[in-house]
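A.B. asks: The structure follows.
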Amino acid sequence: MSESRATWTKYSSPQAFYPLAGKLIPWFAGLAMICLAAGLYIGFLVAPTDFQQGDSYRIIFVHVPAAWMSMFLYVVMAGWAAVGLGLKARPSFMMAQAIAPTGALFTFLALFTGAFWGKPTWGAWWVWDARLTSELILLFQYAGVMLLHASIDDLRRADRASAVLALVGVVNVPIIYFSVRWWNTLHQGASVSMTAAPKMAATMLSAMGIMALGFWMYSAAVALMRVRCIILERERQASWAQIERGA
Amino acid sequence: MQWGSLNEFLAMGGYGAYVWPSFGATALCMIWEVLLLRRRHAAIRAALHQSAASVEVAS
Amino acid sequence: MSQAGLSAVVRAIVRRDVLLAFRRQADVMTAVFFFVIVASLFPLGVSPEPAVLRMIAPGVLWVAALLSCLLSLGRVFTADYQDGVLEQMVLIPHPLAVLVSAKVFAHWVVSGLPIVVLSLLLGVQFGLEGEALGVLALSLLLGTPALSLIGSIGAALTLGVRGGGMLVALLVLPLFIPVLIFGSGAVSSTVSGIGAEANLSLLGAALVLALPLAPWAAAAAVRIAVE
């Protein structure tokens, strides 16, 4: 217990976290590349054509993992924000700040690829369905967290204010999902049933799972890369950062 | 393996116009993000280098 | 002041905020007229056809109410932040969340309540009648306090921030969406004859949820801003 506590305090300073992050990045990046290569191989060359959707279903190999990551990263970001508020730990806020752009990127990709999947599958680029609407709102919330952080000059305040906003957003997204779903049941005419998931072959599922794992590793690598930039930018004046310039 | 030829693969059973933009956009965004971060890291390191050099000259 | 009981402090805050708002009448009137004008643009912009108007009325009136609330959100904390009153509030030994609730209540009295009343008038302009008109006012009566509560979080987060007015819209509008869905849903389901009970109870649930949580979050945001 005392040892784990010591480890935590050790890595809770940006100075110690910077080299640790640097050591982890190649591992995550390597695993990401392996997973993505394997996922693309299985997804394009092994998985059979879907008898209902044809080959357009292959879009879900990027779409579903991107959608998962967009939501998962928001929760992780809010988690770091909560840790930061609770323990007053600066690296937690930096992690939250580092995750936000990647989360927003995956949200955008989920919407973009979703449109390209929706057009051939349901004949519409966009429908006001619960999933699409909450994904869109998620994008707005990422933007809100990032813009609030960027608009406050005092970094300490920026960290904490955007942390509060991120936590409020965690409550909001499920509420929006269920309210839109419920709202759609009243507007039967316009709604498209998407809950009927087509039966998927095992190779399709494994391609999707491996791609998701790859996206996960990619997110970890990229978030760590960004947190290293943030640490250096913020600790410009600290002497250790000056020494680090050559590393 | 179900693809007889490269053209067949690229056509994606007639859905190529939907499949490839999706994968292309995803790949572009991911590569772009990594490149941006590398440049950002290099830029801040260069700035630190410069400020350290100016300190050495001053002292 | 430090000896005063909590309820006395709350009453004093509400009275002071309402009085101050009425002394600066132009601010209050701007938000109210904004609501009326935005709602009046739609018949001119979309179509004066009564059937069309009846169909778009719930959404239009609710969105107009939402934007009007957004416009007046700056008033909740800004003046007190600038002259240091907010700092005093953080320091006095009463729970800040309760004091924030008092300020939110005052904001609702000044900017939410007039909208509830005016919505009856505008509803008639949009061809709503009878039960639908009543449900519209009732949904706004339940919904506008929720809007003020949720909006106060955004108002507190953007205190003293560059371009705070624009930013608060981006932060708060996504949080308003559930209220908008239930509120306008209540009216449109009455118009189409399904009955508004389900929507109204969900709207009530949103208000009950926001009542303890939003002041708590807003108080945290106020603390962050004045520190």
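So you can find residues: chains in the structure tokens are A, B, ... in the order shown, residues in each start at 1, and ligands are numbered from 1 in order.
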Contacts from chain A to chain B, 8 Å maximum, only C-alpha atoms: show me the residue list as an mmCIF file with N, CA, C and O atoms, in the first residue's frame.

C.D. replies:
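This is the output file iface.cif:
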data_model
loop_
_atom_site.group_PDB
_atom_site.id
_atom_site.type_symbol
_atom_site.label_atom_id
_atom_site.label_comp_id
_atom_site.auth_asym_id
_atom_site.auth_seq_id
_atom_site.Cartn_x
_atom_site.Cartn_y
_atom_site.Cartn_z
ATOM 1 N N LEU A 45 -9.996 -8.987 -46.458
ATOM 2 C CA LEU A 45 -9.609 -10.156 -47.235
ATOM 3 C C LEU A 45 -10.192 -11.458 -46.698
ATOM 4 O O LEU A 45 -10.344 -12.415 -47.447
ATOM 5 N N VAL A 46 -10.516 -11.533 -45.431
ATOM 6 C CA VAL A 46 -11.032 -12.779 -44.880
ATOM 7 C C VAL A 46 -12.544 -12.734 -44.720
ATOM 8 O O VAL A 46 -13.255 -13.656 -45.124
ATOM 9 N N PRO A 48 -16.333 -12.448 -45.161
ATOM 10 C CA PRO A 48 -17.132 -12.591 -46.386
ATOM 11 C C PRO A 48 -18.040 -11.382 -46.613
ATOM 12 O O PRO A 48 -18.254 -10.573 -45.725
ATOM 13 N N GLY A 54 -24.303 -6.350 -48.685
ATOM 14 C CA GLY A 54 -23.214 -6.347 -49.640
ATOM 15 C C GLY A 54 -21.940 -5.911 -48.952
ATOM 16 O O GLY A 54 -21.775 -6.091 -47.743
ATOM 17 N N ASP A 55 -21.034 -5.296 -49.726
ATOM 18 C CA ASP A 55 -19.741 -4.941 -49.150
ATOM 19 C C ASP A 55 -19.756 -3.608 -48.423
ATOM 20 O O ASP A 55 -18.768 -3.225 -47.820
ATOM 21 N N SER A 56 -20.884 -2.894 -48.475
ATOM 22 C CA SER A 56 -20.920 -1.605 -47.782
ATOM 23 C C SER A 56 -20.793 -1.805 -46.274
ATOM 24 O O SER A 56 -20.384 -0.896 -45.562
ATOM 25 N N ARG A 58 -18.627 -3.200 -44.731
ATOM 26 C CA ARG A 58 -17.238 -3.133 -44.247
ATOM 27 C C ARG A 58 -16.920 -1.787 -43.609
ATOM 28 O O ARG A 58 -15.933 -1.667 -42.883
ATOM 29 N N ILE A 59 -17.752 -0.796 -43.877
ATOM 30 C CA ILE A 59 -17.546 0.511 -43.243
ATOM 31 C C ILE A 59 -17.615 0.394 -41.726
ATOM 32 O O ILE A 59 -16.930 1.127 -41.008
ATOM 33 N N VAL A 62 -14.525 0.551 -39.394
ATOM 34 C CA VAL A 62 -14.015 1.803 -38.822
ATOM 35 C C VAL A 62 -15.093 2.546 -38.050
ATOM 36 O O VAL A 62 -14.805 3.207 -37.063
ATOM 37 N N LEU A 105 -11.984 14.021 -32.591
ATOM 38 C CA LEU A 105 -11.668 13.490 -33.916
ATOM 39 C C LEU A 105 -12.453 12.201 -34.179
ATOM 40 O O LEU A 105 -13.040 12.024 -35.245
ATOM 41 N N LEU A 109 -15.230 11.327 -36.958
ATOM 42 C CA LEU A 109 -15.102 10.184 -37.860
ATOM 43 C C LEU A 109 -16.314 9.249 -37.754
ATOM 44 O O LEU A 109 -16.765 8.697 -38.754
ATOM 45 N N PHE A 112 -18.977 10.923 -39.749
ATOM 46 C CA PHE A 112 -18.647 10.918 -41.181
ATOM 47 C C PHE A 112 -18.841 9.520 -41.777
ATOM 48 O O PHE A 112 -19.552 9.339 -42.765
ATOM 49 N N THR A 113 -18.216 8.513 -41.142
ATOM 50 C CA THR A 113 -18.338 7.159 -41.683
ATOM 51 C C THR A 113 -19.761 6.649 -41.519
ATOM 52 O O THR A 113 -20.234 5.863 -42.335
ATOM 53 N N PHE A 116 -21.658 7.697 -44.499
ATOM 54 C CA PHE A 116 -21.320 6.905 -45.682
ATOM 55 C C PHE A 116 -21.850 5.474 -45.577
ATOM 56 O O PHE A 116 -21.965 4.782 -46.574
ATOM 57 N N TRP A 117 -22.110 5.037 -44.365
ATOM 58 C CA TRP A 117 -22.723 3.717 -44.217
ATOM 59 C C TRP A 117 -24.248 3.833 -44.351
ATOM 60 O O TRP A 117 -24.902 2.993 -44.938
ATOM 61 N N PRO A 120 -25.985 4.038 -48.336
ATOM 62 C CA PRO A 120 -26.380 2.816 -49.044
ATOM 63 C C PRO A 120 -27.301 1.920 -48.228
ATOM 64 O O PRO A 120 -28.083 1.150 -48.803
ATOM 65 N N VAL A 222 -1.484 8.511 -29.010
ATOM 66 C CA VAL A 222 -1.642 9.910 -29.402
ATOM 67 C C VAL A 222 -1.877 10.802 -28.179
ATOM 68 O O VAL A 222 -1.318 11.900 -28.085
ATOM 69 N N MET A 225 1.384 11.323 -26.589
ATOM 70 C CA MET A 225 2.186 12.285 -27.360
ATOM 71 C C MET A 225 1.741 13.705 -27.056
ATOM 72 O O MET A 225 2.563 14.610 -26.870
ATOM 73 N N ARG A 226 0.420 13.883 -26.992
ATOM 74 C CA ARG A 226 -0.078 15.238 -26.773
ATOM 75 C C ARG A 226 0.209 15.701 -25.352
ATOM 76 O O ARG A 226 0.542 16.856 -25.124
ATOM 77 N N ARG A 228 2.712 14.966 -23.616
ATOM 78 C CA ARG A 228 4.124 15.373 -23.534
ATOM 79 C C ARG A 228 4.305 16.797 -24.053
ATOM 80 O O ARG A 228 5.038 17.594 -23.465
ATOM 81 N N CYS A 229 3.608 17.119 -25.138
ATOM 82 C CA CYS A 229 3.668 18.502 -25.646
ATOM 83 C C CYS A 229 3.132 19.466 -24.596
ATOM 84 O O CYS A 229 3.728 20.522 -24.333
ATOM 85 N N LEU A 232 5.560 20.012 -21.707
ATOM 86 C CA LEU A 232 6.686 20.884 -22.063
ATOM 87 C C LEU A 232 6.245 22.326 -22.197
ATOM 88 O O LEU A 232 6.930 23.240 -21.754
ATOM 89 N N GLU A 233 5.063 22.528 -22.803
ATOM 90 C CA GLU A 233 4.596 23.900 -23.005
ATOM 91 C C GLU A 233 4.316 24.590 -21.676
ATOM 92 O O GLU A 233 4.553 25.775 -21.514
ATOM 93 N N ARG A 236 7.657 25.227 -19.341
ATOM 94 C CA ARG A 236 8.727 25.889 -20.089
ATOM 95 C C ARG A 236 9.842 26.412 -19.183
ATOM 96 O O ARG A 236 11.014 26.284 -19.478
ATOM 97 N N ALA A 241 12.714 20.856 -17.681
ATOM 98 C CA ALA A 241 12.272 20.913 -19.073
ATOM 99 C C ALA A 241 13.395 21.414 -19.966
ATOM 100 O O ALA A 241 13.540 21.015 -21.119
ATOM 101 N N GLN A 242 14.221 22.296 -19.409
ATOM 102 C CA GLN A 242 15.360 22.804 -20.170
ATOM 103 C C GLN A 242 16.353 21.681 -20.471
ATOM 104 O O GLN A 242 16.897 21.597 -21.562
ATOM 105 N N ARG A 245 15.460 19.155 -23.292
ATOM 106 C CA ARG A 245 15.437 19.589 -24.694
ATOM 107 C C ARG A 245 16.240 18.675 -25.595
ATOM 108 O O ARG A 245 15.944 18.519 -26.770
ATOM 109 N N GLY A 246 17.275 18.067 -25.045
ATOM 110 C CA GLY A 246 18.095 17.228 -25.902
ATOM 111 C C GLY A 246 17.543 15.813 -26.024
ATOM 112 O O GLY A 246 17.861 15.116 -26.980
#

A.B. asks: Could I get the residues of chain C with an atom no further than 10 Å from an atom of chain A, each paired with its nearest atom pair and that distance in Å to one decimal, using only C-alpha atoms, sorted by chain and residue number, as a Markdown table?

C.D. replies:
| residue | atom | partner | partner_atom | distance |
| --- | --- | --- | --- | --- |
| C:Ile150 | CA | A:Val168 | CA | 9.7 |
| C:Ile153 | CA | A:Leu165 | CA | 8.3 |
| C:Gly154 | CA | A:Leu165 | CA | 8.1 |
| C:Ala156 | CA | A:Ala161 | CA | 9.2 |
| C:Leu157 | CA | A:Ala161 | CA | 5.9 |
| C:Thr158 | CA | A:Leu148 | CA | 7.6 |
| C:Leu159 | CA | A:Ile152 | CA | 9.7 |
| C:Gly160 | CA | A:Ile152 | CA | 8.6 |
| C:Val161 | CA | A:Ile152 | CA | 5.9 |
| C:Arg162 | CA | A:Ser151 | CA | 6.0 |
| C:Gly163 | CA | A:Ser151 | CA | 7.8 |
| C:Gly164 | CA | A:Ser151 | CA | 8.4 |
| C:Leu167 | CA | A:Leu148 | CA | 7.3 |
| C:Val168 | CA | A:Gly144 | CA | 8.9 |
| C:Ala169 | CA | A:Gly144 | CA | 9.4 |
| C:Leu170 | CA | A:Gly144 | CA | 6.0 |
| C:Leu171 | CA | A:Gly144 | CA | 5.3 |
| C:Val172 | CA | A:Gly144 | CA | 8.9 |
| C:Leu173 | CA | A:Phe140 | CA | 9.2 |
| C:Pro174 | CA | A:Ile137 | CA | 6.1 |
| C:Leu175 | CA | A:Asn172 | CA | 6.3 |
| C:Phe176 | CA | A:Asn172 | CA | 9.2 |
| C:Ile177 | CA | A:Ile176 | CA | 7.0 |
| C:Pro178 | CA | A:Ile176 | CA | 5.7 |
| C:Val179 | CA | A:Ser179 | CA | 9.2 |
| C:Ile181 | CA | A:Ser179 | CA | 7.1 |
| C:Phe182 | CA | A:Ser179 | CA | 7.7 |
| C:Gly185 | CA | A:Trp183 | CA | 7.4 |
| C:Ser189 | CA | A:Leu186 | CA | 8.3 |
| C:Ile194 | CA | A:Leu186 | CA | 9.1 |
| C:Asn199 | CA | A:Trp183 | CA | 9.1 |
| C:Leu202 | CA | A:Ser179 | CA | 9.0 |
| C:Ala206 | CA | A:Ile175 | CA | 9.4 |
| C:Leu213 | CA | A:Val168 | CA | 9.3 |
| C:Ala214 | CA | A:Val168 | CA | 8.8 |
| C:Ala217 | CA | A:Val164 | CA | 7.2 |
| C:Ala218 | CA | A:Val164 | CA | 9.0 |
| C:Ala220 | CA | A:Val164 | CA | 7.7 |
| C:Ala221 | CA | A:Ala161 | CA | 6.3 |
| C:Val222 | CA | A:Ala161 | CA | 9.3 |
| C:Arg223 | CA | A:Ala161 | CA | 9.7 |
| C:Ile224 | CA | A:Arg157 | CA | 6.2 |
| C:Ala225 | CA | A:Arg157 | CA | 6.9 |
| C:Val226 | CA | A:Arg157 | CA | 9.4 |
| C:Glu227 | CA | A:Arg157 | CA | 8.4 |

A.B. asks: Output as a Markdown table one row per residue of segment 89-152 of chain C within 7 Å of segment 13-21 of chain C: the closest atom pair and its distance in Å to one decimal place, counting only C-alpha atoms, sorted by chain and residue number ascending.

C.D. replies:
| residue | atom | partner | partner_atom | distance |
| --- | --- | --- | --- | --- |
| C:Ala102 | CA | C:Val14 | CA | 5.6 |
| C:Lys103 | CA | C:Val14 | CA | 6.1 |
| C:Ala106 | CA | C:Val14 | CA | 5.1 |
| C:Val110 | CA | C:Val18 | CA | 6.6 |

A.B. asks: Restrict the selected residues to C-alpha atoms and save them as a compact mmCIF listing (two decimals), in the first residue's frame.

C.D. replies:
# COMPACT_ATOMS: atom_id res chain seq x y z
CA ALA C 102 -31.60 31.88 -4.87
CA LYS C 103 -29.90 33.82 -7.65
CA ALA C 106 -34.46 35.49 -9.17
CA VAL C 110 -37.33 38.09 -14.14

A.B. asks: One decimal, in Å: what's the spacing between atom CA of Leu141 of chain C and atom CA of Phe105 of chain C?

C.D. replies: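 Between these atoms lies a distance of 12.7 Å.
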
A.B. asks: As a PyMOL selection string, please: every residue in chain B that DSSP puts in alpha helix (DSSP H).

C.D. replies: chain B and resi 6-11+16-58

A.B. asks: Mind giving me the straight-line distance from atom CA of Met217 of chain A to atom CA of Ala47 of chain A in Å, one decimal?

C.D. replies: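 Rounded to one decimal, the two atoms are 22.7 Å apart.
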